Amino acid sequence: MDQARSVIITQRGQLARWRDDGQAVVRIPHPDGARWRDQLFPASAIRWAMSQDDAILRWPRIISHIICHSLGYATPRMAASVLLAARRGQQHHCEWIASCYGGDPMPAVMAAIRDRHHHRGYMADYSQARRITAQAAAGAHPLLASWM
């Protein structure tokens, strides 16, 4: 695996490196507190431990496309929540997903990716969504829907 693309940040802020066998190596503090040790986790454990902010840092373009697909309804954190629910195979109960997709976030994520070349113009401007997502990655999360 490409080392530059194989590093993620876990929920506690630790760096994890993916190995070719599908496991992640996480550096965690040793119980004595004076040194660090590597611990192996299956990829599914890291995926389940990802927070919304981790997802924004890892997949900013997909998050931006989900915002565009929602026509600005989704904030970056809500778009990350939708993406994580789809990856975990869980239901998502926000109004947009519940009313349009019956609670299943996977069709929304797939449509956002499939229609990514059409995210232009009023309320679906990809460049604006990328700016909002970049600001969220830097810690400035919008409180309301993305276009407001």
# chains A, B, ... in the order shown; residues from 1 in each chain; ligands from 1

call {"tool": "select_by_dssp", "arguments": {"residues": "segment 8-130 of chain A", "states": "strand (DSSP E)", "output": "number ranges by chain"}}
result
A: 8-9, 15-18, 23-29, 36-42

call {"tool": "closest_atom_pairs", "arguments": {"of": "segment 43-93 of chain A", "to": "segment 123-128 of chain A", "cutoff": "10 Å", "atoms": "only C-alpha atoms", "output": "Markdown table"}}
result
| residue | atom | partner | partner_atom | distance |
| --- | --- | --- | --- | --- |
| A:Arg61 | CA | A:Tyr126 | CA | 9.0 |
| A:Ser64 | CA | A:Tyr126 | CA | 6.6 |
| A:His65 | CA | A:Tyr126 | CA | 6.7 |
| A:Ile66 | CA | A:Ala124 | CA | 9.6 |
| A:Ile67 | CA | A:Ala124 | CA | 7.7 |
| A:Cys68 | CA | A:Ala124 | CA | 4.3 |
| A:His69 | CA | A:Ala124 | CA | 6.7 |
| A:Ser70 | CA | A:Ala124 | CA | 8.0 |
| A:Leu71 | CA | A:Met123 | CA | 5.0 |
| A:Gly72 | CA | A:Met123 | CA | 5.9 |
| A:Tyr73 | CA | A:Met123 | CA | 9.2 |

call {"tool": "write_last_selection", "arguments": {"atoms": "N, CA and C atoms", "output": "mmCIF file, in the first residue's frame"}}
result
data_model
loop_
_atom_site.group_PDB
_atom_site.id
_atom_site.type_symbol
_atom_site.label_atom_id
_atom_site.label_comp_id
_atom_site.auth_asym_id
_atom_site.auth_seq_id
_atom_site.Cartn_x
_atom_site.Cartn_y
_atom_site.Cartn_z
ATOM 1 N N ARG A 61 -13.257 15.282 -0.263
ATOM 2 C CA ARG A 61 -13.952 15.419 -1.547
ATOM 3 C C ARG A 61 -15.310 14.722 -1.527
ATOM 4 N N SER A 64 -17.669 16.767 0.440
ATOM 5 C CA SER A 64 -18.124 17.916 -0.348
ATOM 6 C C SER A 64 -19.185 17.508 -1.359
ATOM 7 N N HIS A 65 -19.021 16.350 -1.978
ATOM 8 C CA HIS A 65 -20.019 15.893 -2.940
ATOM 9 C C HIS A 65 -21.330 15.525 -2.251
ATOM 10 N N ILE A 66 -21.271 14.999 -1.040
ATOM 11 C CA ILE A 66 -22.504 14.716 -0.300
ATOM 12 C C ILE A 66 -23.227 16.020 0.028
ATOM 13 N N ILE A 67 -22.472 17.061 0.390
ATOM 14 C CA ILE A 67 -23.074 18.376 0.638
ATOM 15 C C ILE A 67 -23.769 18.873 -0.626
ATOM 16 N N CYS A 68 -23.099 18.755 -1.769
ATOM 17 C CA CYS A 68 -23.709 19.186 -3.028
ATOM 18 C C CYS A 68 -24.945 18.360 -3.350
ATOM 19 N N HIS A 69 -24.863 17.061 -3.150
ATOM 20 C CA HIS A 69 -26.011 16.190 -3.458
ATOM 21 C C HIS A 69 -27.213 16.518 -2.571
ATOM 22 N N SER A 70 -26.932 16.965 -1.339
ATOM 23 C CA SER A 70 -28.031 17.335 -0.440
ATOM 24 C C SER A 70 -28.556 18.737 -0.731
ATOM 25 N N LEU A 71 -27.996 19.393 -1.736
ATOM 26 C CA LEU A 71 -28.335 20.775 -2.094
ATOM 27 C C LEU A 71 -28.111 21.726 -0.926
ATOM 28 N N GLY A 72 -27.037 21.483 -0.173
ATOM 29 C CA GLY A 72 -26.656 22.360 0.922
ATOM 30 C C GLY A 72 -27.322 22.050 2.239
ATOM 31 N N TYR A 73 -28.177 21.055 2.288
ATOM 32 C CA TYR A 73 -28.831 20.705 3.552
ATOM 33 C C TYR A 73 -27.809 20.202 4.564
#

call {"tool": "residues_around", "arguments": {"residues": "Ala86 of chain A", "least_positions_apart": "3", "cutoff": "12 Å", "atoms": "only C-alpha atoms", "output": "number ranges by chain"}}
result
A: 47-48, 66, 79-83, 89-93, 97, 101, 103-110

call {"tool": "write_last_selection", "arguments": {"atoms": "N, CA and C atoms", "output": "PDB file, in the first residue's frame"}}
result
ATOM      1  N   ARG A  47     -12.131   1.527  11.369  1.00  0.00           N
ATOM      2  CA  ARG A  47     -13.258   2.130  10.667  1.00  0.00           C
ATOM      3  C   ARG A  47     -14.385   2.462  11.641  1.00  0.00           C
ATOM      4  N   TRP A  48     -14.650   1.580  12.602  1.00  0.00           N
ATOM      5  CA  TRP A  48     -15.705   1.815  13.572  1.00  0.00           C
ATOM      6  C   TRP A  48     -15.326   2.922  14.532  1.00  0.00           C
ATOM      7  N   ILE A  66     -21.271  14.999  -1.040  1.00  0.00           N
ATOM      8  CA  ILE A  66     -22.504  14.716  -0.300  1.00  0.00           C
ATOM      9  C   ILE A  66     -23.227  16.020   0.028  1.00  0.00           C
ATOM     10  N   ALA A  79     -22.666  15.377   6.758  1.00  0.00           N
ATOM     11  CA  ALA A  79     -22.248  14.601   5.590  1.00  0.00           C
ATOM     12  C   ALA A  79     -21.288  13.490   6.006  1.00  0.00           C
ATOM     13  N   ALA A  80     -20.388  13.789   6.943  1.00  0.00           N
ATOM     14  CA  ALA A  80     -19.476  12.761   7.451  1.00  0.00           C
ATOM     15  C   ALA A  80     -20.243  11.674   8.188  1.00  0.00           C
ATOM     16  N   SER A  81     -21.258  12.064   8.927  1.00  0.00           N
ATOM     17  CA  SER A  81     -22.092  11.102   9.634  1.00  0.00           C
ATOM     18  C   SER A  81     -22.817  10.189   8.654  1.00  0.00           C
ATOM     19  N   VAL A  82     -23.319  10.746   7.563  1.00  0.00           N
ATOM     20  CA  VAL A  82     -23.986   9.958   6.528  1.00  0.00           C
ATOM     21  C   VAL A  82     -22.991   8.981   5.907  1.00  0.00           C
ATOM     22  N   LEU A  83     -21.794   9.457   5.591  1.00  0.00           N
ATOM     23  CA  LEU A  83     -20.774   8.598   4.981  1.00  0.00           C
ATOM     24  C   LEU A  83     -20.357   7.467   5.918  1.00  0.00           C
ATOM     25  N   GLY A  89     -22.799   0.251   7.323  1.00  0.00           N
ATOM     26  CA  GLY A  89     -24.022  -0.483   7.007  1.00  0.00           C
ATOM     27  C   GLY A  89     -25.157  -0.186   7.971  1.00  0.00           C
ATOM     28  N   GLN A  90     -25.147   1.005   8.549  1.00  0.00           N
ATOM     29  CA  GLN A  90     -26.163   1.389   9.521  1.00  0.00           C
ATOM     30  C   GLN A  90     -27.209   2.308   8.892  1.00  0.00           C
ATOM     31  N   GLN A  91     -28.325   2.446   9.559  1.00  0.00           N
ATOM     32  CA  GLN A  91     -29.354   3.401   9.169  1.00  0.00           C
ATOM     33  C   GLN A  91     -28.912   4.804   9.609  1.00  0.00           C
ATOM     34  N   HIS A  92     -29.402   5.816   8.912  1.00  0.00           N
ATOM     35  CA  HIS A  92     -29.141   7.198   9.315  1.00  0.00           C
ATOM     36  C   HIS A  92     -30.488   7.893   9.423  1.00  0.00           C
ATOM     37  N   HIS A  93     -30.715   8.595  10.505  1.00  0.00           N
ATOM     38  CA  HIS A  93     -32.059   9.096  10.783  1.00  0.00           C
ATOM     39  C   HIS A  93     -32.196  10.611  10.680  1.00  0.00           C
ATOM     40  N   ILE A  97     -32.103  11.929   4.766  1.00  0.00           N
ATOM     41  CA  ILE A  97     -31.919  10.515   4.453  1.00  0.00           C
ATOM     42  C   ILE A  97     -33.195   9.728   4.774  1.00  0.00           C
ATOM     43  N   TYR A 101     -34.546   8.545   1.325  1.00  0.00           N
ATOM     44  CA  TYR A 101     -33.937   7.236   1.104  1.00  0.00           C
ATOM     45  C   TYR A 101     -34.398   6.190   2.109  1.00  0.00           C
ATOM     46  N   GLY A 103     -34.053   6.039   5.249  1.00  0.00           N
ATOM     47  CA  GLY A 103     -33.102   5.794   6.324  1.00  0.00           C
ATOM     48  C   GLY A 103     -31.824   5.107   5.893  1.00  0.00           C
ATOM     49  N   ASP A 104     -31.740   4.661   4.628  1.00  0.00           N
ATOM     50  CA  ASP A 104     -30.540   3.983   4.139  1.00  0.00           C
ATOM     51  C   ASP A 104     -29.613   5.012   3.489  1.00  0.00           C
ATOM     52  N   PRO A 105     -28.438   5.279   4.080  1.00  0.00           N
ATOM     53  CA  PRO A 105     -27.568   6.317   3.532  1.00  0.00           C
ATOM     54  C   PRO A 105     -26.774   5.886   2.297  1.00  0.00           C
ATOM     55  N   MET A 106     -26.679   4.575   2.036  1.00  0.00           N
ATOM     56  CA  MET A 106     -25.840   4.114   0.924  1.00  0.00           C
ATOM     57  C   MET A 106     -26.286   4.666  -0.428  1.00  0.00           C
ATOM     58  N   PRO A 107     -27.581   4.676  -0.778  1.00  0.00           N
ATOM     59  CA  PRO A 107     -27.965   5.253  -2.079  1.00  0.00           C
ATOM     60  C   PRO A 107     -27.606   6.733  -2.207  1.00  0.00           C
ATOM     61  N   ALA A 108     -27.678   7.475  -1.117  1.00  0.00           N
ATOM     62  CA  ALA A 108     -27.316   8.899  -1.162  1.00  0.00           C
ATOM     63  C   ALA A 108     -25.829   9.068  -1.434  1.00  0.00           C
ATOM     64  N   VAL A 109     -25.007   8.273  -0.766  1.00  0.00           N
ATOM     65  CA  VAL A 109     -23.554   8.361  -0.973  1.00  0.00           C
ATOM     66  C   VAL A 109     -23.201   7.921  -2.386  1.00  0.00           C
ATOM     67  N   MET A 110     -23.808   6.842  -2.841  1.00  0.00           N
ATOM     68  CA  MET A 110     -23.529   6.366  -4.200  1.00  0.00           C
ATOM     69  C   MET A 110     -23.967   7.393  -5.249  1.00  0.00           C
TER      70      MET A 110
END

call {"tool": "closest_residue", "arguments": {"among": "A:Cys94, A:Ala136, A:Ile62, A:Ala74", "to": "Ile113 of chain A", "atoms": "only C-alpha atoms"}}
result
A:Ile62

call {"tool": "atom_distance", "arguments": {"atom1": "atom CA of Arg27 of chain A", "atom2": "atom CA of Pro60 of chain A"}}
result
24.7 Å

call {"tool": "closest_residue", "arguments": {"among": "A:Ala111, A:Met50, A:Ile56, A:Ala24", "to": "Ala138 of chain A", "atoms": "only C-alpha atoms"}}
result
A:Ile56

call {"tool": "atom_distance", "arguments": {"atom1": "atom CA of Ala137 of chain A", "atom2": "atom CA of Met78 of chain A"}}
result
13.3 Å

call {"tool": "closest_residue", "arguments": {"among": "A:Tyr122, A:Trp96, A:Phe41, A:Trp59", "to": "Gln23 of chain A", "atoms": "only C-alpha atoms"}}
result
A:Phe41

call {"tool": "decode", "arguments": {"residues": "segment 122-144 of chain A", "atoms": "N, CA and C atoms", "output": "compact mmCIF listing (two decimals), in the first residue's frame"}}
result
# COMPACT_ATOMS: atom_id res chain seq x y z
N TYR A 122 -26.26 26.72 -8.75
CA TYR A 122 -26.99 27.12 -7.56
C TYR A 122 -27.24 25.93 -6.63
N MET A 123 -26.83 26.04 -5.38
CA MET A 123 -27.03 25.08 -4.31
C MET A 123 -26.35 23.72 -4.51
N ALA A 124 -25.53 23.60 -5.54
CA ALA A 124 -24.78 22.36 -5.72
C ALA A 124 -23.38 22.68 -6.22
N ASP A 125 -22.83 23.80 -5.77
CA ASP A 125 -21.53 24.27 -6.24
C ASP A 125 -20.42 23.55 -5.49
N TYR A 126 -19.68 22.70 -6.22
CA TYR A 126 -18.64 21.88 -5.59
C TYR A 126 -17.52 22.74 -5.00
N SER A 127 -17.12 23.80 -5.69
CA SER A 127 -16.01 24.62 -5.17
C SER A 127 -16.39 25.27 -3.84
N GLN A 128 -17.64 25.71 -3.72
CA GLN A 128 -18.09 26.27 -2.45
C GLN A 128 -18.13 25.19 -1.36
N ALA A 129 -18.60 24.01 -1.72
CA ALA A 129 -18.64 22.91 -0.75
C ALA A 129 -17.23 22.52 -0.30
N ARG A 130 -16.26 22.56 -1.20
CA ARG A 130 -14.87 22.26 -0.82
C ARG A 130 -14.34 23.31 0.15
N ARG A 131 -14.67 24.58 -0.08
CA ARG A 131 -14.23 25.62 0.85
C ARG A 131 -14.83 25.39 2.24
N ILE A 132 -16.12 25.06 2.29
CA ILE A 132 -16.78 24.81 3.57
C ILE A 132 -16.15 23.60 4.26
N THR A 133 -15.86 22.56 3.49
CA THR A 133 -15.25 21.35 4.06
C THR A 133 -13.83 21.64 4.54
N ALA A 134 -13.08 22.44 3.80
CA ALA A 134 -11.73 22.80 4.23
C ALA A 134 -11.77 23.61 5.52
N GLN A 135 -12.73 24.51 5.64
CA GLN A 135 -12.87 25.26 6.89
C GLN A 135 -13.24 24.34 8.04
N ALA A 136 -14.09 23.35 7.77
CA ALA A 136 -14.47 22.39 8.82
C ALA A 136 -13.27 21.54 9.22
N ALA A 137 -12.44 21.18 8.25
CA ALA A 137 -11.24 20.40 8.57
C ALA A 137 -10.28 21.20 9.44
N ALA A 138 -10.32 22.53 9.29
CA ALA A 138 -9.46 23.40 10.12
C ALA A 138 -10.10 23.71 11.46
N GLY A 139 -11.33 23.23 11.68
CA GLY A 139 -11.97 23.41 12.98
C GLY A 139 -13.10 24.42 13.03
N ALA A 140 -13.39 25.09 11.91
CA ALA A 140 -14.47 26.08 11.87
C ALA A 140 -15.71 25.46 11.24
N HIS A 141 -16.49 24.74 12.03
CA HIS A 141 -17.67 24.04 11.53
C HIS A 141 -18.86 24.99 11.45
N PRO A 142 -19.63 24.95 10.34
CA PRO A 142 -20.84 25.78 10.27
C PRO A 142 -21.91 25.21 11.20
N LEU A 143 -22.71 26.09 11.74
CA LEU A 143 -23.77 25.66 12.67
C LEU A 143 -25.05 25.31 11.93
N LEU A 144 -25.30 25.95 10.80
CA LEU A 144 -26.52 25.72 10.05
C LEU A 144 -26.18 25.00 8.74
